[in-house]
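File shown: structure_16.cif (mmCIF, C-alpha atoms).
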```cif
data_final
#
loop_
_atom_site.label_atom_id
_atom_site.label_comp_id
_atom_site.auth_asym_id
_atom_site.auth_seq_id
_atom_site.Cartn_x
_atom_site.Cartn_y
_atom_site.Cartn_z
CA MET A 1 -6.39 12.83 120.33
CA THR A 2 -7.07 9.76 122.41
CA GLU A 3 -9.53 9.67 125.29
CA LYS A 4 -6.61 9.46 127.74
CA THR A 5 -4.82 12.49 126.34
CA ASN A 6 -5.29 15.61 128.45
CA PRO A 7 -5.31 18.82 126.47
CA ALA A 8 -2.80 21.50 127.37
CA VAL A 9 -4.72 24.71 127.99
CA ARG A 10 -2.52 27.74 127.48
CA ALA A 11 -2.40 31.33 126.32
CA LEU A 12 -2.50 32.10 122.61
CA ARG A 13 0.88 32.58 120.89
CA GLU A 14 1.84 34.51 117.75
CA SER A 15 2.78 31.20 116.08
CA ASP A 16 -0.79 29.91 116.58
CA LYS A 17 -2.32 32.27 114.03
CA PRO A 18 -3.01 29.77 111.19
CA GLU A 19 -4.57 27.17 113.50
CA TRP A 20 -6.42 29.79 115.55
CA SER A 21 -7.81 31.30 112.34
CA ALA A 22 -9.04 27.91 111.16
CA LEU A 23 -10.77 27.26 114.50
CA TRP A 24 -12.33 30.73 114.63
CA THR A 25 -13.52 30.38 111.01
CA ALA A 26 -15.17 27.06 111.90
CA TYR A 27 -16.76 28.66 114.97
CA LEU A 28 -18.18 31.49 112.85
CA LYS A 29 -19.43 29.00 110.25
CA PHE A 30 -21.24 27.05 112.99
CA TYR A 31 -23.10 30.28 113.83
CA GLU A 32 -23.78 30.86 110.12
CA THR A 33 -21.61 33.94 109.76
CA SER A 34 -18.15 34.97 108.60
CA ARG A 35 -15.78 37.88 108.92
CA PRO A 36 -13.34 39.37 106.41
CA THR A 37 -9.61 38.74 106.67
CA GLU A 38 -9.09 42.25 108.06
CA ILE A 39 -11.24 41.39 111.09
CA HIS A 40 -9.37 38.10 111.62
CA ASP A 41 -6.10 40.03 111.62
CA LEU A 42 -7.41 42.76 113.91
CA TYR A 43 -8.94 40.29 116.38
CA PHE A 44 -5.78 38.18 116.50
CA THR A 45 -3.65 41.28 117.14
CA ARG A 46 -5.99 42.38 119.92
CA LEU A 47 -5.98 38.92 121.48
CA LEU A 48 -2.20 39.10 121.78
CA GLY A 49 -2.14 42.72 122.97
CA ASN A 50 -1.96 44.05 126.48
CA ASP A 51 -4.90 46.47 126.46
CA PRO A 52 -7.07 45.44 129.46
CA ARG A 53 -10.19 46.40 127.46
CA ASP A 54 -9.43 43.79 124.80
CA PHE A 55 -10.30 40.12 124.75
CA ASN A 56 -8.02 37.39 126.02
CA CYS A 57 -7.59 33.99 124.39
CA ILE A 58 -6.76 30.59 125.70
CA VAL A 59 -6.39 27.57 123.48
CA ALA A 60 -6.49 23.83 123.99
CA GLU A 61 -3.68 21.87 122.37
CA ALA A 62 -3.56 18.10 121.96
CA ASP A 63 -1.25 15.89 119.97
CA GLY A 64 0.66 18.95 118.75
CA ARG A 65 -2.29 20.86 117.30
CA LEU A 66 -4.88 23.36 118.48
CA VAL A 67 -8.24 21.73 119.13
CA GLY A 68 -10.15 24.48 120.90
CA LEU A 69 -10.30 28.15 121.80
CA ALA A 70 -11.96 30.49 124.26
CA HIS A 71 -12.12 34.29 123.99
CA TYR A 72 -13.06 36.22 127.11
CA LEU A 73 -13.17 39.79 128.37
CA PHE A 74 -13.27 41.49 131.77
CA HIS A 75 -15.54 44.49 132.21
CA ARG A 76 -17.16 46.55 134.93
CA HIS A 77 -20.63 45.79 136.18
CA GLY A 78 -22.98 48.43 137.53
CA TRP A 79 -24.24 46.21 140.34
CA SER A 80 -20.87 45.16 141.70
CA GLU A 81 -17.55 46.60 142.75
CA ALA A 82 -15.81 43.63 141.13
CA ASP A 83 -15.42 43.21 137.37
CA THR A 84 -17.27 40.45 135.59
CA CYS A 85 -16.01 38.11 132.86
CA TYR A 86 -17.76 37.62 129.54
CA LEU A 87 -16.91 34.41 127.67
CA GLN A 88 -17.65 35.43 124.08
CA ASP A 89 -16.38 32.57 121.95
CA LEU A 90 -15.91 28.92 122.89
CA TYR A 91 -15.15 26.31 120.28
CA ALA A 92 -13.84 22.75 120.17
CA ASP A 93 -12.97 20.95 116.95
CA PRO A 94 -15.82 18.47 116.25
CA VAL A 95 -13.24 15.66 116.05
CA VAL A 96 -12.49 16.06 119.78
CA ARG A 97 -15.93 16.90 121.15
CA GLY A 98 -16.97 14.84 124.12
CA GLN A 99 -13.37 14.56 125.33
CA GLY A 100 -13.39 17.39 127.87
CA ILE A 101 -12.03 20.22 125.70
CA GLY A 102 -14.96 22.58 126.30
CA ARG A 103 -14.97 21.89 130.03
CA ALA A 104 -11.19 22.44 130.26
CA LEU A 105 -11.49 25.77 128.45
CA ILE A 106 -14.40 26.98 130.59
CA GLU A 107 -12.61 25.95 133.76
CA ALA A 108 -9.52 27.85 132.58
CA VAL A 109 -11.68 30.95 132.05
CA TYR A 110 -13.14 30.44 135.54
CA ALA A 111 -9.58 30.30 136.91
CA ALA A 112 -8.59 33.47 135.01
CA ALA A 113 -11.67 35.23 136.38
CA ASP A 114 -10.83 34.12 139.92
CA GLU A 115 -7.25 35.32 139.51
CA ALA A 116 -8.48 38.69 138.22
CA GLY A 117 -10.99 39.04 141.06
CA ALA A 118 -13.96 38.96 138.69
CA GLY A 119 -17.18 38.26 140.57
CA SER A 120 -18.83 36.20 137.85
CA VAL A 121 -18.45 34.60 134.42
CA TYR A 122 -21.26 34.58 131.87
CA TRP A 123 -21.81 33.63 128.24
CA LEU A 124 -24.52 33.35 125.60
CA THR A 125 -25.33 30.57 123.17
CA GLN A 126 -27.93 29.81 120.55
CA ASP A 127 -30.89 27.69 121.62
CA PHE A 128 -30.06 25.23 118.81
CA ASN A 129 -26.59 24.55 120.26
CA THR A 130 -27.91 21.48 122.09
CA THR A 131 -24.62 19.57 122.34
CA ALA A 132 -22.78 22.44 124.02
CA ARG A 133 -25.79 23.23 126.20
CA GLN A 134 -25.51 19.77 127.77
CA LEU A 135 -22.08 20.82 129.05
CA TYR A 136 -23.26 24.31 129.99
CA ASP A 137 -26.10 22.84 132.08
CA ARG A 138 -23.48 20.88 134.08
CA ILE A 139 -20.92 23.67 134.50
CA GLY A 140 -23.09 26.79 134.62
CA VAL A 141 -26.53 28.08 135.56
CA LYS A 142 -29.08 28.97 132.88
CA THR A 143 -30.62 32.36 133.54
CA PRO A 144 -34.10 33.61 132.56
CA PHE A 145 -32.76 36.62 130.64
CA ILE A 146 -33.76 37.21 127.03
CA ARG A 147 -31.39 39.13 124.80
CA TYR A 148 -32.44 41.97 122.52
CA ASN A 149 -30.37 43.70 119.81
CA ARG A 150 -30.75 47.12 118.30
CA LYS A 151 -32.92 47.24 115.15
#
```
Represent the supplied structure as structure tokens.
Amino acid sequence: MTEKTNPAVRALRESDKPEWSALWTAYLKFYETSRPTEIHDLYFTRLLGNDPRDFNCIVAEADGRLVGLAHYLFHRHGWSEADTCYLQDLYADPVVRGQGIGRALIEAVYAAADEAGAGSVYWLTQDFNTTARQLYDRIGVKTPFIRYNRK
């Protein structure tokens, strides 16, 4: 992809499965984890489904190939009448980083949230994800919350 090429941001398609799987595998590897094939298959099926409780997926395509993905979910929030949007996974192929892919995907999630009437969009990242955090600091607001998981 050249610097002048604008990525097409669009909904995931059934035909995207091999490229989506490669991107999601790379995303998981970045976070030092993996998932079995059965989970890949289940997640992909859910991403294409129409259950409003399931995740949605948008992808960035450039020069005829997928170069990024974003998975997001709408859910209720106890402090608001409006739903909120959780951006769970965001990934851009390292070859195209710095070319606006992450920003385009986040802005597409913002647009989807606005269209759905969601009052906010939030996401989490690792503190070591310094490259992405440079973008996040420009396009979002860092909160003081600390996350805990069940033991």
Range 56-111 of chain A near range 129-145 of chain A within 10 Å: what's each residue's closest atom pair and its distance in Å to one decimal, counting all atoms listed in the file, ordered by chain then ascending residue number, as CSV?
```
residue,atom,partner,partner_atom,distance
A:Leu90,CA,A:Ala132,CA,9.5
A:Tyr91,CA,A:Ala132,CA,9.3
A:Ala92,CA,A:Ala132,CA,9.7
A:Arg97,CA,A:Thr131,CA,9.2
A:Gly98,CA,A:Thr131,CA,9.2
A:Gly100,CA,A:Leu135,CA,9.4
A:Gly102,CA,A:Leu135,CA,7.8
A:Arg103,CA,A:Leu135,CA,7.3
A:Ile106,CA,A:Ile139,CA,8.3
A:Glu107,CA,A:Ile139,CA,8.6
```
Skip Leu105 in chain A itself and residues of its chain fewer than 2 positions away, then list as a CSV table (one decimal) with C-alpha atoms, in the frame of the given file all residues within 10 Å of it, counting only C-alpha atoms.
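Writing done, so here's part-v8.csv:
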```csv
chain,number,residue,atom,x,y,z
A,7,PRO,CA,-5.3,18.8,126.5
A,8,ALA,CA,-2.8,21.5,127.4
A,9,VAL,CA,-4.7,24.7,128.0
A,10,ARG,CA,-2.5,27.7,127.5
A,57,CYS,CA,-7.6,34.0,124.4
A,58,ILE,CA,-6.8,30.6,125.7
A,59,VAL,CA,-6.4,27.6,123.5
A,60,ALA,CA,-6.5,23.8,124.0
A,68,GLY,CA,-10.2,24.5,120.9
A,69,LEU,CA,-10.3,28.2,121.8
A,70,ALA,CA,-12.0,30.5,124.3
A,71,HIS,CA,-12.1,34.3,124.0
A,90,LEU,CA,-15.9,28.9,122.9
A,91,TYR,CA,-15.2,26.3,120.3
A,92,ALA,CA,-13.8,22.8,120.2
A,100,GLY,CA,-13.4,17.4,127.9
A,101,ILE,CA,-12.0,20.2,125.7
A,102,GLY,CA,-15.0,22.6,126.3
A,103,ARG,CA,-15.0,21.9,130.0
A,107,GLU,CA,-12.6,26.0,133.8
A,108,ALA,CA,-9.5,27.8,132.6
A,109,VAL,CA,-11.7,31.0,132.0
A,110,TYR,CA,-13.1,30.4,135.5
A,111,ALA,CA,-9.6,30.3,136.9
```
Computed interatomic separation between CA of Phe74 in chain A and CA of Lys151 in chain A (Å) =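 Atom-to-atom, CA of Phe74 in chain A to CA of Lys151 in chain A, that is 26.4 Å.
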Taking (-14.2, 36.6, 131.7) in the file's own coordinates, collect the residues within 7 Å, counting all atoms listed in the file, and hand them back as JSON, numbers by chain.
-> {"A": [72, 73, 74, 84, 85, 86, 87, 109, 113, 121]}
Output the selection as a compact mmCIF listing (two decimals), keeping the file's coordinate frame - C-alpha atoms for each residue.
```
# COMPACT_ATOMS: atom_id res chain seq x y z
CA TYR A 72 -13.06 36.22 127.11
CA LEU A 73 -13.17 39.79 128.37
CA PHE A 74 -13.27 41.49 131.77
CA THR A 84 -17.27 40.45 135.59
CA CYS A 85 -16.01 38.11 132.86
CA TYR A 86 -17.76 37.62 129.54
CA LEU A 87 -16.91 34.41 127.67
CA VAL A 109 -11.68 30.95 132.05
CA ALA A 113 -11.67 35.23 136.38
CA VAL A 121 -18.45 34.60 134.42
```
The residue from A:Thr45, A:Ser15, A:Thr37, A:Asn50 with the smallest atom-to-atom distance to Arg65 in chain A, counting all atoms listed in the file, is A:Ser15
Using all atoms listed in the file, which of the listed residues (A:Asn6, A:Ser21, A:Asn149, A:Thr125) sits closest to Asp89 in chain A?
->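 Going through A:Asn6, A:Ser21, A:Asn149, A:Thr125 one by one, the smallest distance to Asp89 in chain A is for A:Thr125.
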Straight-line distance linking CA of Glu81 in chain A with CA of Glu115 in chain A, stated in Å to one decimal | 15.6 Å
Pick from A:Asn56, A:Gln99, A:Gln88, A:Ser120, whichever lies nearest to Ala11 in chain A using only C-alpha atoms |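 For Ala11 in chain A, the nearest of the given residues is A:Asn56.
Atom to atom, CA of Asp63 in chain A and CA of Asp16 in chain A stand 14.4 Å apart.
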Using only C-alpha atoms: which of A:Trp20, A:Tyr122, A:Phe128, A:Tyr31 has the shortest distance to His75 in chain A =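 Comparing A:Trp20, A:Tyr122, A:Phe128, A:Tyr31 against His75 in chain A, the winner is A:Tyr122.
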